[in-house]
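What follows is a single structure, written as structure tokens, with notes after it.
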Amino acid sequence: MRHPRTARPRRGFGLLLAGLLALLALPTGAAQAFSASVPAPQDSQELLARKGGGGGGSRGGRGGGGGSRPSASRGASGFKSSGSSLNRGSNKPSGGWSSRSNQKGGPSLDARRSSDNRGNNRGFARSDRASNRNGNRDDRNGNRDDRTSSRNDRRDDRSGNRDDRRDDRGQNRDDRRDDRNDNRNERRDDRWDRRDDRWNDRGDRWDRRWDRWDNYPGWARPGWGYARPWNYGWYGGWASPSWGWWGASAAAWGVTTLATAAIINAAVDDAVNSHTTTIVVPNTDYRLLYGSVEPLNEQSVSFSVESGDREVAMNADCRQGTLDGRNPSTAQEAELLNAACQVAFGDV
Amino acid sequence: MTLFPTPVGDCLFIQLRNTSAPRFGLLASCSSLISALVLAGAWSLPASAGAETLYKLKTTCSIKGGQPQDCIVEAINEGDATIYTHKIGKQVQKIRITDAPVSMSLWDPTSKTWVVLNSAGARFSTNTICFNGRDLCVVNPNYLNSVREEKTEALAGRDLVGVKFSRDGRVSLTCYDEACEGVK
């Protein structure tokens, strides 16, 4: 019974110390458990998908993910989206339910091919480049302002000396120069304002595209060819299109073939991997919003396409080879028809 | 890439299923006919009141990493859960999934209970969802299309998603893509 109390604090301290050590050791163990070998970003190899990855940079660079998203007034916890990313899967997707699946090779959790990862890396690399670009631009702007300030200081010094030597003529000249400087500064400010406006407009467009990609149907994702829920449709498998008008028109246009299924499929793969809403239709200036493609029946499809700054909704009859009920009038229109039909009904 | 075929995960799954093994032992030893009848009965169980069939999907499944087999998936909403019945040849496997919180369990026809899963994984590029490592894998674009549209932000740019469940059925870990390679 000698001083039992003296031992207790030590034991308590020992437990406390052990607990502290355990806490300190936890992140290391956790880091080992979750260590992932993230491959280094690879150079982007643009295929046909429109360059849209800058949207990521834009969102980051424009302060909080763009103005088109509602921002919470409360502080962000960072854990809002930390729950499971799987769920019941019972909400009917916008493309509807499929009754048949023709996935090649059967079920597999293995990556389909290495290009999938390349696509993901490409997306990250592009975002990084966009961020760096914005950062570099800001740096350049800062340097330019510094140079302008230094130049103005030196000029003011020279002006002062000159005014001392030539008081009789200097005043009028200074006034005229000040006027010129003011005008020049105003013009420069106007140019900066206009450029800022253009950047903002571009950022808004990127945000709209990003939001649109988010709202694309569930099938517009990696594996889109087998995720298309309609599982029917007539298309292709030809060396040259069997449309009645094709031979004569193709001869008149000086073309012999249209873009292959492989090219169009690869373009969609690339766009899906980089979260881009459009593919450039091969050999045209059209940009097909592939996620808007939706069958109307077994041979017709509706879709939207961008041409310049315009977006147009169209229908195509893949069997008859018509766009909005008429024969294509240019090779570009034929390519558009071919691309929309391939996305809707083509083999993958 | 291998997701969750870990000795720990598989062992847990086996243990969970074997909790009813003693009771099933005699029954199983009677004849495979009884088993077939039980399984057939499970498939033809009438849907409970208020059940809503979402879809029937002709697709392919694989069991324990085996060869792909034709199978039929029937998705039925029952109350706060969705039941996915997989008919693979003469086998029937039912998976019950709930939201809020997310939970997944497998129907044990012998004990007539839902047994909590260890893990699930989904690969979007192959339209595949697997349960308990690779004990049951299914090509089900319907499920993945629905999930993709409901979890837009979390899944943007993701291809592989893995979930592990604790013994009480709650999600204990979610991983994506490369990070799933480090999950054991």
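So you can find residues: chains in the structure tokens are A, B, ... in the order shown, residues in each start at 1, and ligands are numbered from 1 in order.
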
message: List the spatial neighbours of range 312-318 of chain A as a ChimeraX atom specification - criterion: any atom at most 10 Å away, only C-alpha atoms, same-chain residues fewer than 6 positions off excluded.
response: /A:233-236,243,288-289,292-306,324-327,336-338,340-342,344-345

Can I get the selection written as a tab-separated table (two decimals), in the first residue's frame, with N, CA and C atoms?
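Contents of part-v2.tsv, freshly written:
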```
chain	number	residue	atom	x	y	z
A	233	GLY	N	-32.23	-0.62	-84.47
A	233	GLY	CA	-31.90	0.41	-85.44
A	233	GLY	C	-31.19	-0.13	-86.65
A	234	TRP	N	-31.39	0.56	-87.70
A	234	TRP	CA	-30.87	0.14	-88.98
A	234	TRP	C	-29.72	1.03	-89.36
A	235	TYR	N	-28.61	0.46	-89.68
A	235	TYR	CA	-27.57	1.30	-90.25
A	235	TYR	C	-26.44	0.50	-90.84
A	236	GLY	N	-26.01	0.96	-91.96
A	236	GLY	CA	-24.70	0.77	-92.53
A	236	GLY	C	-24.16	-0.64	-92.72
A	243	TRP	N	-27.46	4.60	-100.04
A	243	TRP	CA	-28.50	5.57	-100.30
A	243	TRP	C	-28.63	5.79	-101.82
A	288	LEU	N	-21.17	17.84	-83.81
A	288	LEU	CA	-22.34	17.04	-83.43
A	288	LEU	C	-22.40	16.91	-81.91
A	289	LEU	N	-23.52	17.29	-81.32
A	289	LEU	CA	-23.76	17.07	-79.90
A	289	LEU	C	-24.20	15.62	-79.73
A	292	SER	N	-27.06	14.32	-77.69
A	292	SER	CA	-28.44	14.66	-78.07
A	292	SER	C	-29.03	13.64	-79.03
A	293	VAL	N	-28.21	12.73	-79.49
A	293	VAL	CA	-28.69	11.74	-80.48
A	293	VAL	C	-29.72	10.82	-79.83
A	294	GLU	N	-30.85	10.70	-80.49
A	294	GLU	CA	-31.94	9.89	-79.93
A	294	GLU	C	-32.76	9.30	-81.07
A	295	PRO	N	-32.96	8.00	-81.07
A	295	PRO	CA	-33.75	7.41	-82.16
A	295	PRO	C	-35.21	7.84	-82.11
A	296	LEU	N	-35.76	8.03	-83.27
A	296	LEU	CA	-37.19	8.28	-83.37
A	296	LEU	C	-37.93	6.99	-83.68
A	297	ASN	N	-37.29	6.13	-84.44
A	297	ASN	CA	-37.80	4.79	-84.74
A	297	ASN	C	-36.61	3.95	-85.18
A	298	GLU	N	-36.84	2.89	-85.87
A	298	GLU	CA	-35.74	1.98	-86.20
A	298	GLU	C	-34.79	2.51	-87.26
A	299	GLN	N	-35.17	3.57	-87.93
A	299	GLN	CA	-34.27	4.07	-88.97
A	299	GLN	C	-34.05	5.58	-88.92
A	300	SER	N	-34.76	6.27	-88.04
A	300	SER	CA	-34.61	7.72	-87.98
A	300	SER	C	-34.09	8.15	-86.62
A	301	VAL	N	-33.46	9.31	-86.61
A	301	VAL	CA	-32.81	9.77	-85.40
A	301	VAL	C	-32.92	11.30	-85.34
A	302	SER	N	-33.04	11.82	-84.14
A	302	SER	CA	-32.99	13.27	-83.96
A	302	SER	C	-31.67	13.60	-83.27
A	303	PHE	N	-31.19	14.81	-83.53
A	303	PHE	CA	-29.92	15.22	-82.91
A	303	PHE	C	-29.79	16.73	-83.04
A	304	SER	N	-28.82	17.27	-82.33
A	304	SER	CA	-28.49	18.69	-82.44
A	304	SER	C	-27.07	18.82	-82.94
A	305	VAL	N	-26.84	19.90	-83.68
A	305	VAL	CA	-25.52	20.12	-84.25
A	305	VAL	C	-25.19	21.61	-84.15
A	306	GLU	N	-23.93	21.89	-83.91
A	306	GLU	CA	-23.47	23.27	-83.89
A	306	GLU	C	-22.81	23.58	-85.22
A	324	ASP	N	-33.62	16.06	-92.43
A	324	ASP	CA	-34.87	16.82	-92.38
A	324	ASP	C	-35.70	16.58	-93.65
A	325	GLY	N	-35.71	15.35	-94.11
A	325	GLY	CA	-36.59	14.96	-95.21
A	325	GLY	C	-36.05	15.24	-96.61
A	326	ARG	N	-34.83	15.73	-96.72
A	326	ARG	CA	-34.29	16.01	-98.06
A	326	ARG	C	-32.91	15.37	-98.20
A	327	ASN	N	-32.50	15.21	-99.43
A	327	ASN	CA	-31.17	14.65	-99.67
A	327	ASN	C	-30.12	15.69	-99.27
A	336	LEU	N	-22.36	14.63	-91.92
A	336	LEU	CA	-23.15	14.86	-90.71
A	336	LEU	C	-24.20	13.77	-90.53
A	337	LEU	N	-24.90	13.47	-91.61
A	337	LEU	CA	-25.89	12.39	-91.59
A	337	LEU	C	-25.24	11.07	-91.17
A	338	ASN	N	-24.11	10.79	-91.76
A	338	ASN	CA	-23.39	9.55	-91.48
A	338	ASN	C	-22.97	9.49	-90.01
A	340	ALA	N	-24.24	11.12	-87.34
A	340	ALA	CA	-25.38	11.00	-86.42
A	340	ALA	C	-25.92	9.57	-86.44
A	341	CYS	N	-26.00	8.99	-87.63
A	341	CYS	CA	-26.54	7.62	-87.73
A	341	CYS	C	-25.59	6.61	-87.10
A	342	GLN	N	-24.30	6.85	-87.26
A	342	GLN	CA	-23.33	5.94	-86.64
A	342	GLN	C	-23.43	6.00	-85.12
A	344	ALA	N	-25.98	6.78	-83.39
A	344	ALA	CA	-27.26	6.21	-82.95
A	344	ALA	C	-27.31	4.69	-83.13
A	345	PHE	N	-26.97	4.24	-84.30
A	345	PHE	CA	-27.26	2.85	-84.66
A	345	PHE	C	-26.04	2.03	-85.06
```

field: range 161-327 of chain A: residues DSSP assigns to strand (DSSP E or B), reported as a VMD selection string
entry: chain A and resid 278 to 280 287 to 295 300 to 307 310 to 317 322 to 323 326

task: Would you mind listing what lies within 10 Å of Val268 in chain A as a list in words, with only C-alpha atoms counted and same-chain residues fewer than 5 positions away left out?
output: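 Neighbouring residues, sequence-local ones excluded: Leu47, Leu48, Ala49, Ala220, Arg221, Pro222, Trp224, Gly225, Ala262, Ile263, Asn273, Ser274, Thr276, Thr277, Thr278, Ile279, Val280, Leu288, Leu289, Tyr290, Gly291 and Val343 of chain A.
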
How close does chain A get to chain B? List, as a tab-separated table, each residue of chain A within 6 Å, its nearest atom pair and the distance in Å to one decimal, counting only C-alpha atoms.
```
residue	atom	partner	partner_atom	distance
A:Phe34	CA	B:Gly182	CA	5.1
A:Ser35	CA	B:Gly182	CA	5.7
A:Ala36	CA	B:Ala179	CA	5.1
A:Ser84	CA	B:Thr174	CA	5.8
A:Asn87	CA	B:Asp99	CA	5.8
A:Arg88	CA	B:Ile97	CA	5.3
A:Gly89	CA	B:Tyr143	CA	4.9
A:Asn91	CA	B:Ser146	CA	5.8
A:Pro93	CA	B:Ser146	CA	4.9
A:Trp97	CA	B:Asn142	CA	5.7
A:Ser99	CA	B:Leu57	CA	4.3
A:Arg100	CA	B:Lys58	CA	4.6
A:Ser101	CA	B:Thr59	CA	4.9
A:Gly106	CA	B:Pro68	CA	5.1
A:Pro107	CA	B:Val139	CA	5.1
A:Ser108	CA	B:Thr128	CA	5.9
A:Leu109	CA	B:Arg123	CA	5.3
A:Asp110	CA	B:Met1	CA	5.3
A:Gly218	CA	B:Asn145	CA	4.1
A:Trp219	CA	B:Asn145	CA	5.6
A:Pro222	CA	B:Ser125	CA	4.3
A:Gly223	CA	B:Ser125	CA	3.9
A:Ala227	CA	B:Pro141	CA	5.1
```

query: Hey, can you check how far CA of Arg287 in chain A sits from CA of Ala271 in chain A?
result: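 It comes out at 11.4 Å.
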